[in-house]
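my_file18.txt follows; it contains compact mmCIF, C-alpha atoms.
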```txt
# COMPACT_ATOMS: atom_id res chain seq x y z
CA MET B 675 -119.66 -9.87 56.33
CA LEU B 676 -121.41 -11.34 53.39
CA HIS B 677 -119.57 -11.60 50.12
CA ARG B 678 -121.52 -11.57 46.86
CA GLY B 679 -120.20 -14.15 44.46
CA PRO B 680 -120.33 -14.01 40.68
CA ARG B 681 -123.81 -13.46 39.29
CA ALA B 682 -125.27 -16.78 38.22
CA PHE B 683 -127.17 -17.13 34.94
CA THR B 684 -129.71 -19.90 35.46
CA PRO B 685 -132.15 -21.11 32.82
CA ASP B 686 -134.91 -19.11 34.54
CA SER B 687 -132.95 -15.89 34.94
CA PRO B 688 -134.10 -12.78 33.06
CA SER B 689 -130.72 -12.53 31.33
CA VAL B 690 -130.96 -15.99 29.82
CA ARG B 691 -134.59 -15.50 28.86
CA ALA B 692 -133.74 -12.23 27.15
CA ALA B 693 -130.79 -13.78 25.34
CA LEU B 694 -132.92 -16.68 24.14
CA THR B 695 -135.57 -14.25 22.94
CA VAL B 696 -133.02 -12.30 20.92
CA THR B 697 -131.47 -15.50 19.56
CA THR B 698 -134.84 -16.86 18.43
CA TRP B 699 -135.76 -13.61 16.73
CA VAL B 700 -132.46 -13.25 14.86
CA LEU B 701 -132.46 -16.90 13.75
CA SER B 702 -136.03 -16.62 12.52
CA VAL B 703 -135.11 -13.58 10.45
CA ALA B 704 -132.11 -15.41 8.97
CA SER B 705 -134.07 -18.56 8.20
CA CYS B 706 -136.85 -16.60 6.51
CA TYR B 707 -134.40 -14.98 4.10
CA SER B 708 -135.31 -15.68 0.50
CA TYR B 709 -134.01 -14.64 -2.87
CA THR B 710 -134.84 -11.27 -4.33
CA SER B 711 -134.60 -10.02 -7.88
CA ASP B 712 -131.12 -8.71 -7.02
CA THR B 713 -129.73 -11.90 -5.46
CA LEU B 714 -130.60 -14.51 -8.07
CA PRO B 715 -127.33 -15.80 -9.60
CA ASP B 716 -126.35 -15.14 -13.18
CA ILE B 717 -124.81 -17.63 -15.61
CA GLN B 718 -121.28 -16.50 -14.67
CA ASN B 719 -121.77 -17.32 -10.98
CA GLU B 720 -119.30 -20.08 -10.12
CA ALA B 721 -121.36 -21.51 -7.26
CA PHE B 722 -124.45 -21.62 -9.50
CA ILE B 723 -122.51 -23.42 -12.24
CA LYS B 724 -121.11 -26.00 -9.84
CA GLU B 725 -124.54 -26.57 -8.30
CA CYS B 726 -126.23 -27.21 -11.64
CA VAL B 727 -123.54 -29.69 -12.71
CA ARG B 728 -123.34 -31.47 -9.36
CA TRP B 729 -127.05 -32.13 -8.97
CA HIS B 730 -127.45 -33.41 -12.49
CA ASN B 731 -124.53 -35.81 -12.07
CA LYS B 732 -125.71 -36.85 -8.62
CA PHE B 733 -128.97 -38.14 -10.04
CA ARG B 734 -127.37 -39.56 -13.18
CA SER B 735 -124.99 -41.65 -11.07
CA THR B 736 -127.74 -43.10 -8.85
CA VAL B 737 -130.38 -44.21 -11.36
CA SER B 738 -132.20 -47.46 -10.75
CA PRO B 739 -131.78 -49.81 -12.51
CA ALA B 740 -128.11 -48.95 -12.87
CA ALA B 741 -126.88 -47.44 -16.15
CA SER B 742 -124.00 -48.91 -18.13
CA ASP B 743 -123.52 -45.98 -20.54
CA MET B 744 -124.34 -42.80 -18.57
CA LEU B 745 -122.10 -39.91 -19.60
CA TYR B 746 -120.72 -37.44 -17.08
CA MET B 747 -122.35 -34.04 -17.59
CA THR B 748 -120.39 -30.76 -17.73
CA TRP B 749 -121.24 -27.09 -18.10
CA ASP B 750 -121.60 -25.40 -21.47
CA PRO B 751 -121.62 -21.56 -21.58
CA GLY B 752 -123.41 -21.55 -24.94
CA LEU B 753 -126.31 -23.59 -23.57
CA ALA B 754 -126.44 -21.28 -20.56
CA GLN B 755 -126.75 -18.27 -22.85
CA ILE B 756 -129.63 -19.92 -24.71
CA ALA B 757 -131.35 -20.66 -21.39
CA GLU B 758 -130.78 -17.10 -20.21
CA ALA B 759 -132.23 -15.58 -23.37
CA TRP B 760 -135.36 -17.73 -23.21
CA SER B 761 -135.88 -17.36 -19.45
CA SER B 762 -135.81 -13.56 -19.84
CA THR B 763 -139.03 -13.78 -21.89
CA CYS B 764 -140.82 -15.07 -18.75
CA GLN B 765 -142.93 -17.63 -20.62
CA PHE B 766 -143.97 -20.93 -19.11
CA LYS B 767 -143.49 -22.93 -22.30
CA HIS B 768 -140.65 -24.51 -24.23
CA ASN B 769 -138.50 -22.51 -26.60
CA ASP B 770 -139.87 -23.04 -30.11
CA ARG B 771 -136.46 -22.26 -31.59
CA LEU B 772 -135.04 -25.50 -30.19
CA LYS B 773 -136.93 -27.50 -32.79
CA LEU B 774 -135.16 -28.71 -35.90
CA PRO B 775 -134.11 -27.54 -38.47
CA ARG B 776 -133.03 -24.45 -36.50
CA ARG B 777 -129.57 -24.69 -34.99
CA LEU B 778 -128.92 -22.50 -31.96
CA HIS B 779 -125.72 -24.20 -30.84
CA ALA B 780 -122.57 -24.81 -32.89
CA ASN B 781 -121.95 -28.29 -31.50
CA PHE B 782 -125.46 -29.79 -31.28
CA MET B 783 -128.17 -30.29 -33.86
CA SER B 784 -130.76 -31.02 -31.17
CA LEU B 785 -131.18 -29.46 -27.74
CA GLY B 786 -133.25 -30.48 -24.73
CA GLU B 787 -134.91 -28.21 -22.20
CA ASN B 788 -136.35 -28.41 -18.68
CA ILE B 789 -138.27 -25.59 -16.99
CA TRP B 790 -139.06 -24.89 -13.33
CA THR B 791 -141.12 -21.89 -12.20
CA GLY B 792 -142.02 -20.96 -8.62
CA SER B 793 -141.71 -18.40 -5.87
CA LEU B 794 -138.37 -16.82 -5.02
CA SER B 795 -138.49 -18.35 -1.54
CA ALA B 796 -139.02 -21.85 -2.98
CA PHE B 797 -136.24 -21.67 -5.55
CA SER B 798 -132.90 -23.39 -5.28
CA VAL B 799 -130.98 -25.30 -7.89
CA SER B 800 -131.23 -28.47 -5.83
CA SER B 801 -135.01 -28.22 -5.31
CA ALA B 802 -135.68 -27.53 -8.99
CA ILE B 803 -133.56 -30.39 -10.36
CA THR B 804 -134.86 -32.71 -7.63
CA SER B 805 -138.43 -31.95 -8.70
CA TRP B 806 -137.55 -32.98 -12.25
CA TYR B 807 -135.88 -36.18 -11.12
CA ASN B 808 -138.77 -37.07 -8.81
CA GLU B 809 -140.90 -37.79 -11.87
CA VAL B 810 -139.14 -41.16 -11.78
CA LYS B 811 -141.94 -42.37 -9.50
CA ASP B 812 -144.30 -42.22 -12.49
CA TYR B 813 -141.90 -43.83 -14.96
CA ASN B 814 -141.63 -47.56 -15.63
CA PHE B 815 -138.19 -48.31 -17.05
CA ASN B 816 -139.14 -51.79 -18.30
CA THR B 817 -142.10 -50.64 -20.37
CA ARG B 818 -141.14 -46.95 -20.83
CA ALA B 819 -144.68 -46.15 -19.67
CA CYS B 820 -145.36 -42.87 -17.87
CA ARG B 821 -148.40 -42.35 -15.64
CA ARG B 822 -148.22 -38.55 -15.60
CA VAL B 823 -145.28 -36.34 -16.66
CA CYS B 824 -141.84 -37.92 -17.01
CA GLY B 825 -140.06 -35.89 -19.70
CA HIS B 826 -138.10 -33.80 -17.21
CA TYR B 827 -136.81 -36.93 -15.49
CA THR B 828 -135.82 -38.70 -18.69
CA GLN B 829 -133.93 -35.63 -19.91
CA VAL B 830 -132.00 -35.37 -16.63
CA VAL B 831 -130.90 -39.02 -16.98
CA TRP B 832 -130.56 -39.19 -20.77
CA ALA B 833 -127.33 -41.15 -21.16
CA ASN B 834 -126.02 -39.46 -24.31
CA THR B 835 -126.51 -35.94 -22.99
CA TYR B 836 -123.21 -34.63 -21.68
CA LYS B 837 -123.55 -30.83 -21.65
CA VAL B 838 -125.86 -28.58 -19.64
CA GLY B 839 -126.34 -24.84 -19.29
CA CYS B 840 -128.86 -23.22 -16.96
CA ALA B 841 -130.18 -19.77 -16.09
CA VAL B 842 -132.65 -18.32 -13.60
CA GLN B 843 -134.61 -15.13 -14.18
CA PHE B 844 -136.71 -12.96 -11.88
CA CYS B 845 -140.15 -12.54 -13.43
CA PRO B 846 -142.86 -10.26 -11.97
CA ARG B 847 -145.28 -12.33 -14.04
CA VAL B 848 -144.86 -15.54 -16.02
CA SER B 849 -146.98 -16.01 -19.12
CA GLY B 850 -148.85 -19.31 -18.84
CA PHE B 851 -148.50 -19.34 -15.05
CA ALA B 852 -151.31 -17.03 -13.96
CA THR B 853 -151.16 -17.84 -10.24
CA LEU B 854 -147.56 -16.69 -9.79
CA SER B 855 -146.20 -13.21 -9.18
CA ASN B 856 -142.61 -12.17 -8.48
CA GLY B 857 -141.23 -15.60 -9.20
CA ALA B 858 -138.04 -17.39 -10.20
CA HIS B 859 -138.01 -18.83 -13.73
CA PHE B 860 -135.31 -21.53 -14.00
CA ILE B 861 -134.37 -23.18 -17.30
CA CYS B 862 -131.74 -25.77 -18.23
CA ASN B 863 -130.79 -26.60 -21.80
CA TYR B 864 -129.07 -29.86 -22.74
CA GLY B 865 -126.83 -31.03 -25.53
CA PRO B 866 -127.49 -33.22 -27.28
CA GLY B 867 -131.17 -33.30 -26.39
CA GLY B 868 -132.88 -36.46 -25.22
CA ASN B 869 -136.44 -37.78 -24.93
CA TYR B 870 -136.51 -39.71 -28.18
CA PRO B 871 -138.90 -42.69 -28.20
CA THR B 872 -136.48 -45.14 -26.62
CA TRP B 873 -134.95 -45.93 -23.23
CA PRO B 874 -133.05 -43.02 -21.63
CA TYR B 875 -130.05 -45.26 -20.88
CA LYS B 876 -128.84 -48.83 -21.11
CA ARG B 877 -129.34 -51.03 -18.09
CA GLY B 878 -126.20 -52.80 -16.85
CA ALA B 879 -123.11 -52.65 -14.67
CA THR B 880 -121.98 -49.06 -14.25
CA CYS B 881 -119.54 -47.87 -16.92
CA SER B 882 -119.54 -51.27 -18.61
CA ALA B 883 -120.71 -49.71 -21.90
CA CYS B 884 -118.49 -46.61 -21.83
CA HIS B 885 -116.44 -45.85 -24.93
CA LYS B 886 -112.99 -47.43 -24.82
CA GLU B 887 -111.33 -44.02 -24.44
CA ASP B 888 -113.51 -43.15 -21.42
CA LYS B 889 -112.79 -43.50 -17.74
CA CYS B 890 -115.30 -44.19 -14.96
CA LEU B 891 -115.94 -41.47 -12.39
CA ASP B 892 -118.71 -41.78 -9.80
CA LYS B 893 -120.41 -44.43 -11.97
CA LEU B 894 -120.36 -42.10 -15.01
CA CYS B 895 -118.36 -42.21 -18.25
CA THR B 896 -115.88 -39.34 -18.55
CA ASN B 897 -113.59 -38.26 -21.33
CA GLN B 898 -111.15 -35.34 -21.12
CA GLU B 899 -111.76 -34.22 -24.69
CA ARG B 900 -115.53 -34.54 -24.56
CA ASP B 901 -115.83 -32.95 -21.14
CA LYS B 902 -113.38 -30.10 -21.69
CA VAL B 903 -114.92 -26.72 -20.83
CA LYS B 904 -112.86 -23.51 -20.92
CA GLY B 905 -112.90 -21.53 -17.71
CA HIS B 906 -115.53 -23.64 -15.97
CA TYR B 907 -115.82 -26.81 -13.93
CA SER B 908 -115.52 -30.17 -15.60
CA ILE B 909 -114.13 -33.37 -14.10
CA LYS B 910 -113.55 -32.00 -10.59
CA ASN B 911 -116.53 -33.15 -8.56
CA PRO B 912 -116.38 -32.79 -4.76
CA GLY B 913 -119.16 -33.90 -2.41
CA TRP B 914 -122.72 -32.99 -3.14
CA PRO B 915 -123.99 -29.77 -1.51
CA THR B 916 -127.41 -29.74 0.14
CA SER B 917 -128.24 -26.08 -0.39
CA PHE B 918 -127.17 -23.12 -2.49
CA ARG B 919 -126.32 -19.57 -1.52
CA ASN B 920 -124.34 -17.26 -3.74
CA ARG B 921 -121.56 -15.07 -2.42
CA TYR B 922 -123.79 -12.08 -1.81
CA ILE B 923 -126.19 -14.11 0.31
CA SER B 924 -123.32 -15.75 2.18
CA LEU B 925 -122.06 -12.30 3.18
CA ILE B 926 -125.51 -11.41 4.49
CA LEU B 927 -125.63 -14.56 6.60
CA ILE B 928 -122.17 -13.86 8.04
CA VAL B 929 -123.22 -10.34 9.04
CA LYS B 930 -126.41 -11.70 10.61
CA ALA B 931 -124.45 -14.24 12.62
CA PHE B 932 -122.15 -11.48 13.91
CA LEU B 933 -125.16 -9.34 14.88
CA LEU B 934 -126.69 -12.33 16.65
CA VAL B 935 -123.63 -12.85 18.85
CA LEU B 936 -123.34 -9.10 19.51
CA SER B 937 -127.01 -8.86 20.49
CA ILE B 938 -126.70 -11.73 22.96
CA ILE B 939 -123.61 -10.20 24.58
CA ILE B 940 -125.23 -6.78 24.91
CA THR B 941 -128.41 -8.29 26.36
CA ILE B 942 -126.52 -10.28 28.98
CA LEU B 943 -124.42 -7.27 29.95
CA ILE B 944 -127.50 -5.07 30.37
CA GLN B 945 -129.18 -7.68 32.54
CA HIS B 946 -126.01 -8.06 34.61
CA LEU B 947 -125.63 -4.31 35.18
CA HIS B 948 -129.36 -3.72 35.69
CA PRO B 949 -130.79 -6.84 37.33
CA ASN B 950 -134.12 -5.17 38.05
CA LEU B 951 -134.72 -4.28 34.45
CA VAL B 952 -137.78 -6.03 33.07
CA LEU B 953 -138.21 -6.78 29.40
CA SER B 954 -141.79 -6.92 28.22
CA ASP B 955 -143.49 -7.54 24.93
```
Here is the file; what I need is its structure written in the form of structure tokens.
Amino acid sequence: MLHRGPRAFTPDSPSVRAALTVTTWVLSVASCYSYTSDTLPDIQNEAFIKECVRWHNKFRSTVSPAASDMLYMTWDPGLAQIAEAWSSTCQFKHNDRLKLPRRLHANFMSLGENIWTGSLSAFSVSSAITSWYNEVKDYNFNTRACRRVCGHYTQVVWANTYKVGCAVQFCPRVSGFATLSNGAHFICNYGPGGNYPTWPYKRGATCSACHKEDKCLDKLCTNQERDKVKGHYSIKNPGWPTSFRNRYISLILIVKAFLLVLSIIITILIQHLHPNLVLSD
């Protein structure tokens, strides 16, 4: 009498091929997920706030040549509200109201501003701030000469700037950006503003030119009074993230992962119970 052993699932078996097909399809759907007008974070989103602060400080702490007086940057809700109001106009230009003698913020006479506009699928906080910082390749620190555009970079690493507030807006159209439709319009405002006709920071040993009341954190000058922000993140600065998803998107990804596992199990069971079943395209 012949005894049939447990059904083997080899790499060439229909069950494995079917499972791999399902896995590939589900993963491709998950990886292709992009932001929509309903999933872009608002200025109260904690993950968004932390991401904006972290990426700015990441680049500020790694400038070359090293900075001796670079201040640690923290979140400012007032600056975020200014960025939100201007981003909602969906205009690819700087906010005229930032110019002196107008005063939009109670603590700062001058404000800086960086703008990033692109497709929803291309947007993330990290990619936008990285694109600003990457202008460093066209900036010569010794001569302060710029081959192309460097103002976004110099504002990101402006040593005396210690507050930032950002907002991102869904825009069906962006004035001044004719080639874009259904895009993400991301703006950060800075206090105090930078980009005066001088060097963005002092070259030297990190933290060597900090104020005497300051402490050194991750090569940046911090001060509890200066950096204090009610209800938001300040000195706490864990490791740098490499991508951003808000809570709503994270829930979607968790559900997709569950459906992936469930689909694989169901496929294998069907192939086990019906070995002669053929799956075709």
Can you write out as a tab-separated table which residues of range 716-751 of chain B fall within 12 Å of range 856-872 of chain B, alongside each residue's closest atom pair and its distance in Å to one decimal, counting only C-alpha atoms and ordering rows by chain and ascending residue number?
```
residue	atom	partner	partner_atom	distance
B:Asp716	CA	B:Phe860	CA	11.0
B:Ile717	CA	B:Cys862	CA	11.0
B:Phe722	CA	B:Phe860	CA	11.8
B:Ile723	CA	B:Cys862	CA	11.3
B:Cys726	CA	B:Cys862	CA	8.7
B:Val727	CA	B:Cys862	CA	10.6
B:His730	CA	B:Cys862	CA	10.5
B:Leu745	CA	B:Pro866	CA	11.5
B:Met747	CA	B:Tyr864	CA	9.4
B:Thr748	CA	B:Tyr864	CA	10.1
B:Trp749	CA	B:Tyr864	CA	9.5
B:Asp750	CA	B:Gly865	CA	8.7
B:Pro751	CA	B:Asn863	CA	10.5
```
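Nearest residue to Trp790 in chain B among B:Tyr827, B:Tyr807, B:Phe766, B:Phe733 is B:Phe766, counting all atoms listed in the file.
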Excluding range 785-788 of chain B and its own-chain neighbours fewer than 3 positions away, which residues fall within 10 Å of it when counting all atoms listed in the file? Please give them as a tab-separated table (two decimals) with C-alpha atoms, in the coordinates of the input.
```
chain	number	residue	atom	x	y	z
B	753	LEU	CA	-126.31	-23.59	-23.57
B	757	ALA	CA	-131.35	-20.66	-21.39
B	767	LYS	CA	-143.49	-22.93	-22.30
B	768	HIS	CA	-140.65	-24.51	-24.23
B	769	ASN	CA	-138.50	-22.51	-26.60
B	771	ARG	CA	-136.46	-22.26	-31.59
B	772	LEU	CA	-135.04	-25.50	-30.19
B	773	LYS	CA	-136.93	-27.50	-32.79
B	774	LEU	CA	-135.16	-28.71	-35.90
B	777	ARG	CA	-129.57	-24.69	-34.99
B	778	LEU	CA	-128.92	-22.50	-31.96
B	779	HIS	CA	-125.72	-24.20	-30.84
B	782	PHE	CA	-125.46	-29.79	-31.28
B	802	ALA	CA	-135.68	-27.53	-8.99
B	803	ILE	CA	-133.56	-30.39	-10.36
B	806	TRP	CA	-137.55	-32.98	-12.25
B	825	GLY	CA	-140.06	-35.89	-19.70
B	826	HIS	CA	-138.10	-33.80	-17.21
B	827	TYR	CA	-136.81	-36.93	-15.49
B	829	GLN	CA	-133.93	-35.63	-19.91
B	830	VAL	CA	-132.00	-35.37	-16.63
B	832	TRP	CA	-130.56	-39.19	-20.77
B	835	THR	CA	-126.51	-35.94	-22.99
B	837	LYS	CA	-123.55	-30.83	-21.65
B	838	VAL	CA	-125.86	-28.58	-19.64
B	839	GLY	CA	-126.34	-24.84	-19.29
B	840	CYS	CA	-128.86	-23.22	-16.96
B	860	PHE	CA	-135.31	-21.53	-14.00
B	861	ILE	CA	-134.37	-23.18	-17.30
B	862	CYS	CA	-131.74	-25.77	-18.23
B	863	ASN	CA	-130.79	-26.60	-21.80
B	864	TYR	CA	-129.07	-29.86	-22.74
B	865	GLY	CA	-126.83	-31.03	-25.53
B	866	PRO	CA	-127.49	-33.22	-27.28
B	867	GLY	CA	-131.17	-33.30	-26.39
B	868	GLY	CA	-132.88	-36.46	-25.22
B	869	ASN	CA	-136.44	-37.78	-24.93
```
Pick from B:Phe844, B:Trp729, B:Trp873, B:Phe851, whichever lies nearest to Leu794 in chain B using all atoms listed in the file: B:Phe844
Nearest-residue call for Cys764 in chain B, choices B:Cys890, B:Leu854, B:Ala883, B:Gly878, using all atoms listed in the file: B:Leu854
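Distance annotation: of B:Tyr709, B:Asp812, B:Thr817, B:Val842, the residue with the minimal separation from Gln755 in chain B is B:Val842; atom set is all atoms listed in the file.
Shortest atom-to-atom contact with Phe815 in chain B among B:Leu947, B:Ala796, B:Val831, B:Leu936: B:Val831, counting all atoms listed in the file.
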Atom pair CA of Tyr746 in chain B / CA of Lys811 in chain B: separation (Å): 23.1 Å
Kindly output range 751-762 of chain B as a PDB file, in the frame of the given file, after building all heavy atoms.
```
ATOM      1  N   PRO B 751    -121.209 -22.960 -21.606  1.00  0.00           N
ATOM      2  CA  PRO B 751    -121.620 -21.560 -21.580  1.00  0.00           C
ATOM      3  C   PRO B 751    -122.619 -21.199 -22.681  1.00  0.00           C
ATOM      4  O   PRO B 751    -123.500 -20.360 -22.477  1.00  0.00           O
ATOM      5  CB  PRO B 751    -120.304 -20.793 -21.750  1.00  0.00           C
ATOM      6  CG  PRO B 751    -119.247 -21.737 -21.290  1.00  0.00           C
ATOM      7  CD  PRO B 751    -119.738 -23.098 -21.679  1.00  0.00           C
ATOM      8  N   GLY B 752    -122.485 -21.821 -23.857  1.00  0.00           N
ATOM      9  CA  GLY B 752    -123.410 -21.550 -24.940  1.00  0.00           C
ATOM     10  C   GLY B 752    -124.828 -21.966 -24.601  1.00  0.00           C
ATOM     11  O   GLY B 752    -125.798 -21.242 -24.881  1.00  0.00           O
ATOM     12  N   LEU B 753    -124.983 -23.140 -23.998  1.00  0.00           N
ATOM     13  CA  LEU B 753    -126.310 -23.590 -23.570  1.00  0.00           C
ATOM     14  C   LEU B 753    -126.873 -22.673 -22.494  1.00  0.00           C
ATOM     15  O   LEU B 753    -128.080 -22.404 -22.459  1.00  0.00           O
ATOM     16  CB  LEU B 753    -126.229 -25.028 -23.059  1.00  0.00           C
ATOM     17  CG  LEU B 753    -125.926 -26.108 -24.104  1.00  0.00           C
ATOM     18  CD1 LEU B 753    -125.738 -27.468 -23.426  1.00  0.00           C
ATOM     19  CD2 LEU B 753    -127.047 -26.187 -25.145  1.00  0.00           C
ATOM     20  N   ALA B 754    -125.998 -22.196 -21.606  1.00  0.00           N
ATOM     21  CA  ALA B 754    -126.440 -21.280 -20.560  1.00  0.00           C
ATOM     22  C   ALA B 754    -126.954 -19.973 -21.153  1.00  0.00           C
ATOM     23  O   ALA B 754    -127.946 -19.402 -20.673  1.00  0.00           O
ATOM     24  CB  ALA B 754    -125.307 -21.014 -19.577  1.00  0.00           C
ATOM     25  N   GLN B 755    -126.308 -19.493 -22.203  1.00  0.00           N
ATOM     26  CA  GLN B 755    -126.750 -18.270 -22.850  1.00  0.00           C
ATOM     27  C   GLN B 755    -128.112 -18.459 -23.521  1.00  0.00           C
ATOM     28  O   GLN B 755    -128.964 -17.552 -23.501  1.00  0.00           O
ATOM     29  CB  GLN B 755    -125.711 -17.821 -23.876  1.00  0.00           C
ATOM     30  CG  GLN B 755    -124.418 -17.337 -23.243  1.00  0.00           C
ATOM     31  CD  GLN B 755    -123.326 -17.085 -24.272  1.00  0.00           C
ATOM     32  OE1 GLN B 755    -123.522 -17.314 -25.475  1.00  0.00           O
ATOM     33  NE2 GLN B 755    -122.167 -16.633 -23.821  1.00  0.00           N
ATOM     34  N   ILE B 756    -128.322 -19.632 -24.109  1.00  0.00           N
ATOM     35  CA  ILE B 756    -129.630 -19.920 -24.710  1.00  0.00           C
ATOM     36  C   ILE B 756    -130.704 -19.961 -23.628  1.00  0.00           C
ATOM     37  O   ILE B 756    -131.807 -19.410 -23.797  1.00  0.00           O
ATOM     38  CB  ILE B 756    -129.569 -21.259 -25.477  1.00  0.00           C
ATOM     39  CG1 ILE B 756    -128.618 -21.148 -26.664  1.00  0.00           C
ATOM     40  CG2 ILE B 756    -130.958 -21.680 -25.950  1.00  0.00           C
ATOM     41  CD1 ILE B 756    -128.325 -22.468 -27.350  1.00  0.00           C
ATOM     42  N   ALA B 757    -130.388 -20.604 -22.502  1.00  0.00           N
ATOM     43  CA  ALA B 757    -131.350 -20.660 -21.390  1.00  0.00           C
ATOM     44  C   ALA B 757    -131.628 -19.275 -20.836  1.00  0.00           C
ATOM     45  O   ALA B 757    -132.776 -18.942 -20.500  1.00  0.00           O
ATOM     46  CB  ALA B 757    -130.795 -21.572 -20.282  1.00  0.00           C
ATOM     47  N   GLU B 758    -130.595 -18.458 -20.739  1.00  0.00           N
ATOM     48  CA  GLU B 758    -130.780 -17.100 -20.210  1.00  0.00           C
ATOM     49  C   GLU B 758    -131.669 -16.270 -21.120  1.00  0.00           C
ATOM     50  O   GLU B 758    -132.560 -15.553 -20.655  1.00  0.00           O
ATOM     51  CB  GLU B 758    -129.409 -16.428 -20.057  1.00  0.00           C
ATOM     52  CG  GLU B 758    -129.467 -15.032 -19.474  1.00  0.00           C
ATOM     53  CD  GLU B 758    -128.099 -14.407 -19.355  1.00  0.00           C
ATOM     54  OE1 GLU B 758    -127.329 -14.461 -20.351  1.00  0.00           O
ATOM     55  OE2 GLU B 758    -127.768 -13.863 -18.291  1.00  0.00           O
ATOM     56  N   ALA B 759    -131.433 -16.366 -22.421  1.00  0.00           N
ATOM     57  CA  ALA B 759    -132.230 -15.580 -23.370  1.00  0.00           C
ATOM     58  C   ALA B 759    -133.698 -15.980 -23.320  1.00  0.00           C
ATOM     59  O   ALA B 759    -134.589 -15.117 -23.337  1.00  0.00           O
ATOM     60  CB  ALA B 759    -131.665 -15.765 -24.783  1.00  0.00           C
ATOM     61  N   TRP B 760    -133.975 -17.285 -23.229  1.00  0.00           N
ATOM     62  CA  TRP B 760    -135.360 -17.730 -23.210  1.00  0.00           C
ATOM     63  C   TRP B 760    -136.024 -17.447 -21.858  1.00  0.00           C
ATOM     64  O   TRP B 760    -137.194 -17.059 -21.805  1.00  0.00           O
ATOM     65  CB  TRP B 760    -135.458 -19.200 -23.557  1.00  0.00           C
ATOM     66  CG  TRP B 760    -136.873 -19.693 -23.652  1.00  0.00           C
ATOM     67  CD1 TRP B 760    -137.465 -20.658 -22.893  1.00  0.00           C
ATOM     68  CD2 TRP B 760    -137.882 -19.229 -24.559  1.00  0.00           C
ATOM     69  NE1 TRP B 760    -138.777 -20.834 -23.256  1.00  0.00           N
ATOM     70  CE2 TRP B 760    -139.067 -19.958 -24.284  1.00  0.00           C
ATOM     71  CE3 TRP B 760    -137.906 -18.256 -25.560  1.00  0.00           C
ATOM     72  CZ2 TRP B 760    -140.253 -19.750 -24.986  1.00  0.00           C
ATOM     73  CZ3 TRP B 760    -139.089 -18.047 -26.267  1.00  0.00           C
ATOM     74  CH2 TRP B 760    -140.236 -18.792 -25.971  1.00  0.00           C
ATOM     75  N   SER B 761    -135.291 -17.617 -20.765  1.00  0.00           N
ATOM     76  CA  SER B 761    -135.880 -17.360 -19.450  1.00  0.00           C
ATOM     77  C   SER B 761    -136.255 -15.889 -19.287  1.00  0.00           C
ATOM     78  O   SER B 761    -137.206 -15.554 -18.575  1.00  0.00           O
ATOM     79  CB  SER B 761    -134.918 -17.782 -18.332  1.00  0.00           C
ATOM     80  OG  SER B 761    -133.741 -16.989 -18.334  1.00  0.00           O
ATOM     81  N   SER B 762    -135.530 -14.989 -19.959  1.00  0.00           N
ATOM     82  CA  SER B 762    -135.810 -13.560 -19.840  1.00  0.00           C
ATOM     83  C   SER B 762    -137.143 -13.171 -20.468  1.00  0.00           C
ATOM     84  O   SER B 762    -137.666 -12.095 -20.199  1.00  0.00           O
ATOM     85  CB  SER B 762    -134.685 -12.742 -20.477  1.00  0.00           C
ATOM     86  OG  SER B 762    -134.631 -12.949 -21.879  1.00  0.00           O
TER      87      SER B 762
END
```
